[in-house]
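Participant: Enclosed is the structure file model-v7.csv (CSV, C-alpha atoms).
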```csv
chain,number,residue,atom,x,y,z
A,1,MET,CA,27.2,-0.2,35.2
A,2,LEU,CA,27.2,1.3,31.8
A,3,LEU,CA,27.6,-2.1,30.1
A,4,LYS,CA,25.0,-3.6,32.3
A,5,THR,CA,22.4,-0.9,31.5
A,6,PHE,CA,23.2,-0.5,27.8
A,7,GLY,CA,24.2,-4.1,27.1
A,8,TRP,CA,20.9,-5.1,25.5
A,9,SER,CA,20.9,-1.9,23.4
A,10,PHE,CA,24.4,-2.7,22.1
A,11,ALA,CA,23.5,-6.3,21.4
A,12,ILE,CA,20.2,-5.3,19.6
A,13,THR,CA,22.2,-2.7,17.6
A,14,VAL,CA,24.7,-5.3,16.3
A,15,ILE,CA,22.0,-7.8,15.5
A,16,GLY,CA,19.7,-5.3,13.9
A,17,LEU,CA,22.4,-3.7,11.7
A,18,ALA,CA,23.6,-7.2,10.7
A,19,LEU,CA,20.1,-8.2,9.8
A,20,ALA,CA,19.5,-5.0,7.8
A,21,GLY,CA,22.7,-5.7,5.9
A,22,VAL,CA,21.7,-9.3,5.1
A,23,LEU,CA,18.1,-8.4,4.1
A,24,TRP,CA,18.5,-5.1,2.3
A,25,GLY,CA,22.2,-4.7,1.6
A,26,TRP,CA,24.4,-1.7,2.3
A,27,GLN,CA,21.6,0.8,1.5
A,28,GLY,CA,19.3,-0.9,4.0
A,29,LEU,CA,22.0,-0.9,6.6
A,30,ALA,CA,22.6,2.8,6.1
A,31,ILE,CA,18.8,3.6,6.3
A,32,VAL,CA,18.4,1.6,9.6
A,33,GLY,CA,21.4,3.4,11.1
A,34,ILE,CA,20.1,6.8,10.1
A,35,LEU,CA,16.6,6.0,11.5
A,36,SER,CA,18.2,4.9,14.8
A,37,ILE,CA,20.1,8.2,15.2
A,38,LEU,CA,16.9,10.1,14.2
A,39,GLU,CA,14.9,8.4,16.9
A,40,ILE,CA,17.6,9.0,19.6
A,41,SER,CA,17.9,12.7,18.7
A,42,LEU,CA,14.1,13.3,18.7
A,43,SER,CA,13.5,11.4,21.9
A,44,PHE,CA,16.3,12.3,24.3
A,45,ASP,CA,14.0,14.6,26.2
A,46,ASN,CA,11.6,11.6,26.5
A,47,ALA,CA,14.3,9.7,28.4
A,48,VAL,CA,14.5,12.5,31.0
A,49,ILE,CA,10.8,12.7,31.5
A,50,ASN,CA,10.5,8.9,31.7
A,51,ALA,CA,13.3,8.8,34.3
A,52,GLY,CA,11.3,11.2,36.5
A,53,ILE,CA,8.4,8.7,36.5
A,54,LEU,CA,10.4,5.5,36.4
A,55,ARG,CA,12.3,6.3,39.6
A,56,LYS,CA,9.0,6.0,41.5
A,57,MET,CA,8.8,2.3,40.5
A,58,ASN,CA,10.7,-0.7,41.9
A,59,ALA,CA,13.3,-2.8,40.1
A,60,PHE,CA,10.6,-5.2,38.8
A,61,TRP,CA,8.7,-2.5,37.0
A,62,GLN,CA,11.9,-1.0,35.6
A,63,LYS,CA,12.6,-4.4,34.0
A,64,ILE,CA,9.0,-4.5,32.7
A,65,PHE,CA,9.6,-1.1,31.1
A,66,LEU,CA,12.8,-2.4,29.4
A,67,THR,CA,11.2,-5.7,28.2
A,68,VAL,CA,7.5,-5.5,27.7
A,69,GLY,CA,7.7,-1.8,27.2
A,70,ILE,CA,10.2,-2.1,24.3
A,71,LEU,CA,8.1,-4.7,22.6
A,72,ILE,CA,5.2,-2.2,22.7
A,73,ALA,CA,7.4,0.6,21.5
A,74,VAL,CA,8.9,-1.3,18.6
A,75,PHE,CA,6.1,-3.6,17.4
A,76,GLY,CA,3.2,-1.6,18.7
A,77,MET,CA,4.1,2.0,17.9
A,78,ARG,CA,6.6,1.6,15.1
A,79,LEU,CA,5.0,-1.2,13.2
A,80,VAL,CA,1.4,-1.9,14.1
A,81,PHE,CA,0.3,1.7,14.9
A,82,PRO,CA,0.9,3.0,11.3
A,83,VAL,CA,-1.0,0.0,9.9
A,84,ILE,CA,-3.9,0.6,12.2
A,85,ILE,CA,-4.0,4.3,11.3
A,86,VAL,CA,-4.1,3.4,7.6
A,87,ALA,CA,-6.8,0.8,8.2
A,88,VAL,CA,-9.0,3.2,10.1
A,89,THR,CA,-8.6,6.3,7.9
A,90,ALA,CA,-8.8,4.4,4.6
A,91,LYS,CA,-11.7,2.2,5.9
A,92,MET,CA,-10.0,-1.1,5.1
A,93,SER,CA,-9.2,-4.2,7.1
A,94,PRO,CA,-5.9,-4.5,8.9
A,95,ILE,CA,-4.9,-7.4,6.6
A,96,GLU,CA,-5.5,-5.1,3.6
A,97,ALA,CA,-3.5,-2.4,5.2
A,98,VAL,CA,-0.6,-4.8,5.8
A,99,ASP,CA,-0.8,-6.0,2.2
A,100,LEU,CA,-0.7,-2.3,1.1
A,101,ALA,CA,2.3,-1.6,3.2
A,102,ILE,CA,4.2,-4.5,1.7
A,103,ASN,CA,3.1,-4.3,-1.9
A,104,ASP,CA,2.2,-0.7,-2.5
A,105,LYS,CA,4.6,1.3,-0.3
A,106,ASN,CA,3.9,4.7,-2.0
A,107,GLN,CA,0.2,4.5,-1.5
A,108,TYR,CA,0.8,3.3,2.1
A,109,GLU,CA,3.0,6.3,2.7
A,110,HIS,CA,0.4,8.6,1.3
A,111,LEU,CA,-2.3,7.3,3.6
A,112,VAL,CA,-0.2,7.5,6.7
A,113,THR,CA,0.9,11.1,5.8
A,114,ALA,CA,-2.8,12.0,5.2
A,115,ALA,CA,-3.6,10.8,8.7
A,116,HIS,CA,-0.9,13.2,10.1
A,117,PRO,CA,-3.4,15.9,11.3
A,118,ALA,CA,-5.2,13.5,13.5
A,119,ILE,CA,-1.9,12.0,14.9
A,120,ALA,CA,-0.3,15.4,15.4
A,121,ALA,CA,-3.4,16.8,17.2
A,122,PHE,CA,-3.7,13.8,19.6
A,123,GLY,CA,0.1,13.8,20.4
A,124,GLY,CA,0.4,17.5,20.5
A,125,ILE,CA,-2.4,18.1,23.0
A,126,PHE,CA,-1.2,15.1,25.2
A,127,LEU,CA,2.3,16.5,25.3
A,128,LEU,CA,1.1,20.0,25.9
A,129,MET,CA,-0.8,18.9,29.0
A,130,ILE,CA,2.4,17.3,30.4
A,131,PHE,CA,4.2,20.6,29.9
A,132,LEU,CA,1.3,22.8,31.3
A,133,ASP,CA,0.8,20.7,34.4
A,134,PHE,CA,4.6,21.0,35.1
A,135,ILE,CA,4.9,24.7,34.4
A,136,PHE,CA,1.8,25.7,36.4
A,137,GLU,CA,2.8,23.7,39.5
A,138,GLU,CA,4.3,25.4,42.5
A,139,ARG,CA,7.8,24.0,43.1
A,140,ASP,CA,10.8,24.8,45.4
A,141,ILE,CA,13.4,24.6,42.6
A,142,ARG,CA,12.9,26.9,39.6
A,143,TRP,CA,15.1,27.1,36.5
A,144,LEU,CA,13.6,30.2,34.9
A,145,GLY,CA,12.3,31.9,38.0
A,146,TRP,CA,11.1,35.1,36.1
A,147,LEU,CA,8.8,32.9,34.1
A,148,GLU,CA,8.0,30.0,36.4
A,149,LYS,CA,7.0,32.0,39.5
A,150,PRO,CA,4.1,33.9,37.9
A,151,LEU,CA,2.9,30.8,36.0
A,152,ALA,CA,2.9,28.8,39.2
A,153,LYS,CA,0.5,31.4,40.7
A,154,LEU,CA,-1.8,31.0,37.7
A,155,GLY,CA,-1.7,27.3,38.2
A,156,LYS,CA,-3.4,27.7,41.5
A,157,LEU,CA,-6.7,28.1,39.5
A,158,ASP,CA,-8.3,24.7,39.2
A,159,THR,CA,-8.2,23.1,35.7
A,160,PHE,CA,-6.3,26.1,34.3
A,161,SER,CA,-4.0,23.8,32.3
A,162,ILE,CA,-7.0,22.2,30.7
A,163,VAL,CA,-8.4,25.6,29.7
A,164,VAL,CA,-5.1,26.6,28.2
A,165,ALA,CA,-4.9,23.3,26.3
A,166,LEU,CA,-8.4,23.6,24.9
A,167,ILE,CA,-7.8,27.2,23.8
A,168,GLY,CA,-4.6,26.0,22.0
A,169,LEU,CA,-6.7,23.3,20.4
A,170,LEU,CA,-9.4,25.7,19.2
A,171,VAL,CA,-6.7,28.1,17.8
A,172,THR,CA,-5.1,25.2,16.0
A,173,ALA,CA,-8.4,23.9,14.6
A,174,THR,CA,-9.5,27.3,13.3
A,175,THR,CA,-6.1,28.3,11.8
A,176,VAL,CA,-3.6,25.7,10.7
A,177,ALA,CA,-6.2,23.0,10.3
A,178,THR,CA,-8.4,24.8,7.9
A,179,ASP,CA,-6.2,24.2,4.9
A,180,VAL,CA,-3.6,21.5,5.6
A,181,ALA,CA,-0.8,20.2,3.4
A,182,HIS,CA,-1.2,16.6,4.5
A,183,GLY,CA,-4.2,15.2,2.7
A,184,GLY,CA,-5.6,18.6,1.7
A,185,GLY,CA,-8.8,20.3,2.6
A,186,ASP,CA,-10.3,21.4,5.9
A,187,LYS,CA,-9.3,19.1,8.8
A,188,SER,CA,-10.8,21.3,11.6
A,189,ALA,CA,-13.3,18.6,12.8
A,190,THR,CA,-10.6,15.9,12.7
A,191,VAL,CA,-8.1,18.0,14.6
A,192,LEU,CA,-10.7,18.9,17.3
A,193,LEU,CA,-11.8,15.3,17.8
A,194,SER,CA,-8.3,14.0,17.9
A,195,GLY,CA,-7.1,16.8,20.2
A,196,VAL,CA,-10.0,16.1,22.7
A,197,ALA,CA,-9.1,12.4,22.5
A,198,GLY,CA,-5.5,13.3,23.5
A,199,LEU,CA,-6.7,15.4,26.4
A,200,LEU,CA,-9.1,12.7,27.7
A,201,THR,CA,-6.4,10.1,27.4
A,202,TYR,CA,-4.0,12.3,29.5
A,203,LEU,CA,-6.7,13.0,32.1
A,204,ILE,CA,-7.8,9.3,32.4
A,205,VAL,CA,-4.4,7.6,32.5
A,206,GLY,CA,-2.7,10.3,34.5
A,207,GLY,CA,-5.7,10.6,36.9
A,208,ILE,CA,-5.8,6.9,37.6
A,209,SER,CA,-2.1,6.5,38.2
A,210,GLY,CA,-2.2,9.6,40.4
A,211,TYR,CA,-5.1,8.2,42.4
A,212,PHE,CA,-3.2,4.9,43.1
A,213,GLU,CA,0.0,6.8,44.0
A,214,ASP,CA,-2.0,8.9,46.5
A,215,LYS,CA,-3.6,5.8,48.0
A,216,LEU,CA,-0.2,4.1,48.3
A,217,GLU,CA,1.2,7.1,50.1
A,218,GLU,CA,-1.8,7.1,52.5
A,219,GLU,CA,-1.3,3.4,53.2
A,220,GLU,CA,2.5,4.0,53.9
A,221,ASP,CA,1.7,6.8,56.3
A,222,GLU,CA,-0.8,4.7,58.1
A,223,ASP,CA,1.8,1.9,58.4
A,224,GLU,CA,4.3,4.4,59.9
A,225,ASP,CA,1.7,5.6,62.4
A,226,ASP,CA,0.8,2.1,63.4
A,227,GLU,CA,4.5,1.2,63.9
A,228,ALA,CA,5.0,4.3,66.0
A,229,GLY,CA,2.0,3.5,68.1
A,230,ALA,CA,3.1,-0.1,68.6
A,231,ALA,CA,6.6,1.2,69.7
A,232,GLY,CA,4.9,3.5,72.2
A,233,ASP,CA,2.7,0.8,73.6
A,234,GLU,CA,5.8,-1.5,73.9
A,235,GLY,CA,7.5,1.2,76.0
A,236,ASP,CA,4.5,1.7,78.3
A,237,GLU,CA,3.6,-1.9,78.8
A,238,GLY,CA,7.1,-3.4,78.9
A,239,ALA,CA,7.7,-7.1,78.3
A,240,LYS,CA,4.0,-7.9,78.5
A,241,ALA,CA,3.5,-6.2,75.1
A,242,ALA,CA,6.1,-8.3,73.3
A,243,PRO,CA,3.9,-11.4,72.6
A,244,SER,CA,1.1,-9.2,71.5
A,245,ALA,CA,3.4,-7.2,69.2
A,246,GLN,CA,4.6,-10.4,67.7
A,247,LEU,CA,1.1,-11.6,67.1
A,248,ASN,CA,0.2,-8.3,65.4
A,249,GLY,CA,3.4,-8.5,63.3
A,250,SER,CA,2.3,-11.8,61.8
A,251,GLY,CA,-1.4,-10.8,61.4
A,252,GLY,CA,-2.4,-7.2,61.3
A,253,ARG,CA,0.8,-5.8,59.9
A,254,GLY,CA,1.0,-8.6,57.4
A,255,SER,CA,-2.4,-7.9,55.9
A,256,SER,CA,-1.6,-4.2,55.8
A,257,GLY,CA,1.6,-4.9,54.0
A,258,ALA,CA,-0.3,-7.0,51.5
A,259,SER,CA,-2.5,-4.0,50.8
A,260,VAL,CA,0.4,-1.8,50.3
A,261,VAL,CA,2.0,-4.2,47.9
A,262,GLY,CA,-1.3,-4.5,46.0
A,263,LEU,CA,-1.6,-0.7,45.7
A,264,ALA,CA,2.0,-0.4,44.7
A,265,GLY,CA,1.4,-2.9,41.9
A,266,LYS,CA,-1.7,-1.0,40.7
A,267,ALA,CA,0.1,2.4,40.9
A,268,ALA,CA,3.1,1.0,39.0
A,269,PHE,CA,0.9,-0.6,36.4
A,270,PHE,CA,-1.0,2.7,35.6
A,271,LEU,CA,2.3,4.6,35.7
A,272,PHE,CA,3.6,2.1,33.2
A,273,LEU,CA,0.6,2.7,31.0
A,274,TYR,CA,1.2,6.4,31.4
A,275,LEU,CA,4.8,6.0,30.3
A,276,GLU,CA,3.7,4.0,27.2
A,277,VAL,CA,1.3,6.7,26.2
A,278,ILE,CA,4.0,9.3,26.6
A,279,ASP,CA,6.3,7.2,24.5
A,280,ALA,CA,3.6,6.9,21.9
A,281,SER,CA,3.1,10.7,21.8
A,282,PHE,CA,6.9,11.2,21.4
A,283,SER,CA,7.1,8.6,18.6
A,284,PHE,CA,4.5,10.3,16.3
A,285,ASP,CA,6.9,12.8,14.9
A,286,GLY,CA,9.6,10.1,14.5
A,287,VAL,CA,7.2,7.7,12.6
A,288,ILE,CA,6.0,10.5,10.3
A,289,GLY,CA,9.5,11.8,9.8
A,290,ALA,CA,10.9,8.4,8.9
A,291,PHE,CA,8.9,8.4,5.7
A,292,ALA,CA,11.3,11.1,4.5
A,293,ILE,CA,14.0,8.4,4.6
A,294,THR,CA,12.1,5.2,3.7
A,295,ASN,CA,8.6,3.9,3.2
A,296,ASP,CA,9.5,0.3,4.0
A,297,ILE,CA,7.7,-0.5,7.3
A,298,PHE,CA,10.2,-3.2,8.3
A,299,GLU,CA,13.2,-0.9,7.8
A,300,MET,CA,11.3,1.8,9.7
A,301,ALA,CA,10.4,-0.5,12.6
A,302,LEU,CA,14.0,-1.9,12.9
A,303,GLY,CA,15.7,1.5,12.8
A,304,LEU,CA,13.3,3.3,15.1
A,305,GLY,CA,13.2,0.3,17.4
A,306,ILE,CA,17.0,0.3,17.9
A,307,GLY,CA,16.7,4.0,18.8
A,308,ALA,CA,13.8,3.4,21.2
A,309,MET,CA,15.9,0.7,22.9
A,310,TYR,CA,18.6,3.3,23.6
A,311,ILE,CA,16.1,5.8,25.0
A,312,ARG,CA,14.8,3.1,27.4
A,313,SER,CA,18.3,2.2,28.5
A,314,LEU,CA,19.1,5.8,29.0
A,315,THR,CA,16.0,6.2,31.1
A,316,VAL,CA,17.1,3.4,33.4
A,317,PHE,CA,20.7,4.8,33.5
A,318,LEU,CA,19.4,8.2,34.6
A,319,VAL,CA,17.3,6.6,37.4
A,320,ARG,CA,20.1,4.3,38.7
A,321,ARG,CA,22.7,7.1,38.6
A,322,GLY,CA,20.4,9.5,40.4
A,323,THR,CA,21.2,12.0,37.6
A,324,LEU,CA,17.9,14.0,38.1
A,325,ASP,CA,18.8,14.5,41.7
A,326,ASP,CA,22.3,15.7,40.9
A,327,TYR,CA,21.3,17.9,38.0
A,328,VAL,CA,18.1,19.4,39.2
A,329,TYR,CA,17.2,21.5,36.2
A,330,LEU,CA,17.2,18.6,33.7
A,331,GLU,CA,13.6,17.9,34.3
A,332,HIS,CA,12.8,21.5,33.6
A,333,GLY,CA,14.7,21.5,30.4
A,334,ALA,CA,13.0,18.3,29.3
A,335,HIS,CA,9.5,19.7,30.0
A,336,TYR,CA,10.3,22.8,28.1
A,337,ALA,CA,11.4,20.6,25.2
A,338,ILE,CA,8.1,18.7,25.5
A,339,GLY,CA,6.2,22.0,25.3
A,340,ALA,CA,8.2,23.0,22.2
A,341,LEU,CA,7.6,19.6,20.6
A,342,ALA,CA,3.8,19.9,21.3
A,343,VAL,CA,3.7,23.2,19.5
A,344,ILE,CA,5.8,21.9,16.6
A,345,LEU,CA,3.5,18.9,16.3
A,346,LEU,CA,0.4,21.2,16.1
A,347,VAL,CA,2.2,23.5,13.6
A,348,THR,CA,3.1,20.6,11.4
A,349,ILE,CA,-0.6,19.9,10.7
A,350,LYS,CA,-0.2,22.5,8.0
A,351,TYR,CA,3.5,23.4,7.7
A,352,GLU,CA,6.6,21.2,7.1
A,353,ILE,CA,9.2,21.4,9.8
A,354,ASN,CA,12.5,19.5,9.3
A,355,GLU,CA,13.1,16.8,11.9
A,356,VAL,CA,16.6,18.2,12.4
A,357,ILE,CA,15.0,21.4,13.8
A,358,THR,CA,12.7,19.4,16.1
A,359,GLY,CA,15.6,17.3,17.4
A,360,LEU,CA,17.9,20.3,17.9
A,361,VAL,CA,15.3,22.3,19.9
A,362,GLY,CA,15.1,19.5,22.5
A,363,VAL,CA,18.9,18.9,22.6
A,364,VAL,CA,19.6,22.7,23.1
A,365,LEU,CA,17.0,23.0,25.9
A,366,ILE,CA,18.3,20.0,27.8
A,367,ALA,CA,21.9,21.0,27.3
A,368,ALA,CA,21.1,24.5,28.6
A,369,SER,CA,19.3,23.0,31.7
A,370,TYR,CA,22.3,20.6,32.3
A,371,TRP,CA,24.8,23.5,32.1
A,372,SER,CA,22.6,25.5,34.5
A,373,SER,CA,22.6,22.5,36.9
A,374,VAL,CA,26.4,22.3,36.7
A,375,ARG,CA,26.8,26.0,37.5
A,376,ARG,CA,24.3,25.6,40.4
A,377,ASN,CA,26.3,22.6,41.8
A,378,ARG,CA,29.6,24.6,41.6
A,379,LYS,CA,28.1,27.6,43.4
A,380,GLU,CA,26.7,25.4,46.2
A,381,ALA,CA,30.1,23.5,46.5
A,382,ALA,CA,32.0,26.9,46.7
A,383,ALA,CA,29.5,28.2,49.3
A,384,GLY,CA,30.0,25.0,51.3
A,385,GLU,CA,33.8,25.4,51.2
A,386,ASP,CA,33.6,29.0,52.3
A,387,SER,CA,31.4,28.0,55.2
A,388,GLU,CA,33.8,25.3,56.2
A,389,ALA,CA,36.8,27.7,56.0
A,390,LYS,CA,34.9,30.2,58.2
A,391,THR,CA,34.1,27.5,60.7
A,392,GLU,CA,37.8,26.5,60.9
A,393,VAL,CA,38.9,30.1,61.4
A,394,THR,CA,36.4,30.6,64.1
A,395,SER,CA,37.4,27.4,65.9
A,396,GLY,CA,41.1,28.4,65.7
A,397,VAL,CA,40.3,31.7,67.3
```
Let me see the file written as structure tokens.

Facilitator:
Amino acid sequence: MLLKTFGWSFAITVIGLALAGVLWGWQGLAIVGILSILEISLSFDNAVINAGILRKMNAFWQKIFLTVGILIAVFGMRLVFPVIIVAVTAKMSPIEAVDLAINDKNQYEHLVTAAHPAIAAFGGIFLLMIFLDFIFEERDIRWLGWLEKPLAKLGKLDTFSIVVALIGLLVTATTVATDVAHGGGDKSATVLLSGVAGLLTYLIVGGISGYFEDKLEEEEDEDEDDEAGAAGDEGDEGAKAAPSAQLNGSGGRGSSGASVVGLAGKAAFFLFLYLEVIDASFSFDGVIGAFAITNDIFEMALGLGIGAMYIRSLTVFLVRRGTLDDYVYLEHGAHYAIGALAVILLVTIKYEINEVITGLVGVVLIAASYWSSVRRNRKEAAAGEDSEAKTEVTSGV
């Protein structure tokens, strides 16, 4: 199963590193390898979050996530996105931006770095909303009960997470955005506009996908009720109902099934879009951080792309192994890591924070949640053994 899930990642790694060696020599090979490790370390929590969403999809959409999704991640976010950012912020055509990226790498790096406040505000608020909606939700399983229980009560207030996010955005715009290191000057208006855009993107994409998920659940419930009713009629009317049931099975239920399939497709499609926006938000710090290693857009795209491929494979692996069901606190740890990354992104509007720190925060939180899950499983297993032993003793008596 490991080879089946990670096979493409291994193959892309070998091909990518070989290509880097041929095109850019040993130095380029080393840079691509470092960028791959950087992307994996920064985005491990992304895999856990994605797995929680991807397990709601069928095998077809999981394949779409691994194929079309990786093309969007590599070419869209790691190659095209920085070029578009430069084109928009520098008010030049995309062709001029590409020419700049190839022929004047230092100026290209400067323009991308200057756009960091807008990028960080958009991604930071989007990720912050993911964290807030999780932490303010009432749930049966809590990792840090002393914190999550009172926050869940606050979450009963409508739009509370939006209010908190907007307050965070206002604080950011009036403090760290007033005199930024990236590009210099007051970026308050830019940060406010970008942050609101991130919030709206979250509400629109998340709202649409949630709507279709709810519709799908309603249709499935109706189907179950219809089947239960049909079974009851069959018992009451006896053999007479068999031809009628057969007729309904080829007609009424068939059309209902088609509706469910259509809704499932729409729900999965918008969940896929939601996943891609999450990936985009996670990739912002990786793209900006990559400029500390290289300003060659092709080395950057190849190295970060290899790392992104592993994150997607890891996501599918977690889904197929049922890891999130076995280790119930992993999602909690990943969401706390998202909250930390959101705050870090907003802080980096003005202050430099090393990518190693960003990566370690996520790894430590996920490792802690994993260990807590292991301890929980051991306690439950021990409790089960004690219960069985007591039952045997009672039976013997």

Participant: Find the distance between CA of Ser369 (chain A) and CA of Ile49 (chain A) and write it in Å to one decimal.

Facilitator: 13.4 Å

Participant: Would you mind listing what lies within 6 Å of Phe126 (chain A) as a ChimeraX atom specification, with only C-alpha atoms counted and same-chain residues fewer than 3 positions away left out?

Facilitator: /A:123,129,198-199,202

Participant: Could you save the residues just selected, with C-alpha atoms, as a PDB file, keeping the file's coordinate frame?

Facilitator:
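Once everything was written out, this is result-v9.pdb:
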```
ATOM      1  CA  GLY A 123       0.100  13.800  20.400  1.00  0.00           C
ATOM      2  CA  MET A 129      -0.800  18.900  29.000  1.00  0.00           C
ATOM      3  CA  GLY A 198      -5.500  13.300  23.500  1.00  0.00           C
ATOM      4  CA  LEU A 199      -6.700  15.400  26.400  1.00  0.00           C
ATOM      5  CA  TYR A 202      -4.000  12.300  29.500  1.00  0.00           C
TER       6      TYR A 202
END
```

Participant: Please list as an NGL selection string every residue within 10 Å of Leu144 (chain A), counting all atoms listed in the file and excluding residues in the same chain fewer than 4 positions away.

Facilitator: :A and (148-149 or 329 or 332-333 or 369)

Participant: Smallest atom-to-atom distance to Lys56 (chain A): which of A:Met92, A:Ala267, A:Val191, A:Ile37, using all atoms listed in the file?

Facilitator: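 Nearest candidate to Lys56 (chain A) out of A:Met92, A:Ala267, A:Val191, A:Ile37: A:Ala267.
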
Participant: Determine the nearest neighbour of Ala97 (chain A) from the options A:Ile297, A:Ile311, A:Val68, A:Val22, counting all atoms listed in the file.

Facilitator: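 Of the candidates, the smallest distance to Ala97 (chain A) is held by A:Ile297.
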
Participant: Show me, as an MDAnalysis selection string, the residues that have an atom within 9 Å of region 359-363 of chain A when counting only C-alpha atoms, minus same-chain residues fewer than 4 positions from it.

Facilitator: chainID A and resid 38:45 333:334 336:338 340:341 354:355 367:368
